[in-house]
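Trainee: Okay, here's the structure, questions in a sec.
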Amino acid sequence: MTAAGLSVEGVTLTAGARRLVEDVSLTARPGETIGLVGPNGSGKSSLLRAVYRVLRPREGHVRVDDADVWSLTVRRLARTVAAVVQEGGADFDLTVREVVAMGRTPHQRLLAGDTAEDGALIDRALDAVDGTALAARSFDRLSGGERQRVLIARALAQQPSLLVLDEPTNHLDIRHQLDVLDTLRRLSATVLVALHDLNLAAYYCDRLYVLREGRVTASGPPADVLTPGLLAEVYGVSAEVAVHPRTGAPQVTFLPGERCAPKATERTGPDASVR
Ligand SMILES: Nc1ncnc2c1ncn2[C@@H]1O[C@H](COP(=O)(O)OP(=O)(O)OP(=O)(O)O)[C@@H](O)[C@H]1O
């Protein structure tokens, strides 16, 4: 598995007359783990959809290793980019192992079955999400968290150069959240992941992009981005941020009794520097 560079350049996404994302630029160097954070409706899922080529930008480009994603064949795209998305819970009527094996399809010749190497990759992907014991179970009868882990295993089996994940820790208990994020962190692939949990984002991501109302409002290493001022401005919450003495990562402690309103998006004063 190799890692790809990602370059999102001035992307604007629309649905009818509505602008979902406006003039967003983002880069990921090969092997980086990039976190997308921001309030509900800020455009994270829409931006991810543009990266895995479901939403075509109205303006701008998404390039993976310098190739516009819209110029790739479907097969080439599937060998390069894997996605774990929120709407991925389709009814498959397949066993867990069969669902994970679907990740190998882009690498196989037409009608060729799984090779021994495919089998080993499927086993390894299942093991990485603590899913070996689920292998013979019906995917449709799994719990929400079990399904989520299996869909992550399918993406791992795909051996992508770029892995795009929308809230992959949704439905997972804390142990499995940490296991999944540890696994992503160890991958050589480039990872773009939308996360709501700012402390997990701070610990696992090399850099963060903060979206607000469809625009990037701040970006950089977590320690630079996750400041009390930014959290008040973007989320309208009071928080303290300290470097945790054991993990070395910024740790956000929310102060629920001191909620404040998010600031208006118009930036005319000195605060414009957070952009
Ligand atoms: N197909 C669509 N038609 C109209 N509006 C849409 C469409 N898809 C998304 N939106 C709107 O675009 C905005 C951004 O949505 P998006 O799902 O990208 O946000 P998000 O940051 O992922 O939110 P969340 O954290 O709640 O998952 C929202 O206001 C949403 O209602």
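Ligands are numbered from 1 in the order shown, residues from 1 within each chain, and chains are lettered A, B, ... in the order they appear in the structure tokens.
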Grab me every residue within 7 Å of ligand 1, counting only C-alpha atoms and all ligand atoms, and send it over as a PyMOL selection string.

Mentor: chain A and resi 15+18+20+38-47+214

Trainee: Using only C-alpha atoms, which residues sit within 6 Å of range 201-206 of chain A once same-chain residues fewer than 2 positions away are excluded, as a ChimeraX atom specification?

Mentor: /A:33-35,198-199,222,249

Trainee: Counting only C-alpha atoms, which residues in range 133-234 of chain A sit no more than 12 Å from range 94-107 of chain A? For each one, give the nearest pair of atoms and the distance in Å, sorted by chain then residue number, as JSON lines.

Mentor:
```
{"residue": "A:Ala133", "atom": "CA", "partner": "A:Val96", "partner_atom": "CA", "distance": 9.8}
{"residue": "A:Leu134", "atom": "CA", "partner": "A:Val96", "partner_atom": "CA", "distance": 6.5}
{"residue": "A:Ala135", "atom": "CA", "partner": "A:Arg97", "partner_atom": "CA", "distance": 4.8}
{"residue": "A:Ala136", "atom": "CA", "partner": "A:Thr95", "partner_atom": "CA", "distance": 5.6}
{"residue": "A:Arg137", "atom": "CA", "partner": "A:Thr95", "partner_atom": "CA", "distance": 5.4}
{"residue": "A:Ser138", "atom": "CA", "partner": "A:Thr95", "partner_atom": "CA", "distance": 4.4}
{"residue": "A:Phe139", "atom": "CA", "partner": "A:Val96", "partner_atom": "CA", "distance": 5.1}
{"residue": "A:Asp140", "atom": "CA", "partner": "A:Leu94", "partner_atom": "CA", "distance": 7.6}
{"residue": "A:Arg141", "atom": "CA", "partner": "A:Thr95", "partner_atom": "CA", "distance": 9.6}
{"residue": "A:Leu142", "atom": "CA", "partner": "A:Val96", "partner_atom": "CA", "distance": 9.0}
{"residue": "A:Glu146", "atom": "CA", "partner": "A:Val96", "partner_atom": "CA", "distance": 9.7}
{"residue": "A:Arg147", "atom": "CA", "partner": "A:Val96", "partner_atom": "CA", "distance": 8.6}
{"residue": "A:Gln148", "atom": "CA", "partner": "A:Val96", "partner_atom": "CA", "distance": 11.2}
{"residue": "A:Arg149", "atom": "CA", "partner": "A:Val100", "partner_atom": "CA", "distance": 10.2}
{"residue": "A:Val150", "atom": "CA", "partner": "A:Val100", "partner_atom": "CA", "distance": 6.7}
{"residue": "A:Leu151", "atom": "CA", "partner": "A:Val100", "partner_atom": "CA", "distance": 7.1}
{"residue": "A:Ile152", "atom": "CA", "partner": "A:Val100", "partner_atom": "CA", "distance": 8.6}
{"residue": "A:Ala153", "atom": "CA", "partner": "A:Val100", "partner_atom": "CA", "distance": 6.0}
{"residue": "A:Arg154", "atom": "CA", "partner": "A:Val100", "partner_atom": "CA", "distance": 4.0}
{"residue": "A:Ala155", "atom": "CA", "partner": "A:Gly103", "partner_atom": "CA", "distance": 6.0}
{"residue": "A:Leu156", "atom": "CA", "partner": "A:Gly103", "partner_atom": "CA", "distance": 7.5}
{"residue": "A:Ala157", "atom": "CA", "partner": "A:Gly103", "partner_atom": "CA", "distance": 5.2}
{"residue": "A:Gln158", "atom": "CA", "partner": "A:Gly103", "partner_atom": "CA", "distance": 4.3}
{"residue": "A:Gln159", "atom": "CA", "partner": "A:Gly103", "partner_atom": "CA", "distance": 8.0}
{"residue": "A:Pro160", "atom": "CA", "partner": "A:Gly103", "partner_atom": "CA", "distance": 9.5}
```

Trainee: Just to confirm, what's the straight-line distance from CA of Ala242 in chain A to CA of Ala223 in chain A in Å (one decimal)?

Mentor: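 Between these atoms lies a distance of 9.0 Å.
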
Trainee: Assign secondary structure with DSSP using the backbone only, and return the residues of range 177-264 of chain A in strand (DSSP E) as an MDAnalysis selection string.

Mentor: chainID A and resid 190:194 207:212 215:220 239:243 250:254

Trainee: Show me, as a list in words, the residues that have an atom within 9 Å of range 8-11 of chain A when counting only C-alpha atoms, minus same-chain residues fewer than 6 positions from it.

Mentor: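 Surrounding residues, per the criterion: Val21, Glu22, Asp23, Val24, Ser25, Leu26, Thr27, Ala28, Leu47, Ala50, Val51, Pro57, Arg58, Glu59, Gly60, His61, Val62, Arg63 and Val64 of chain A.
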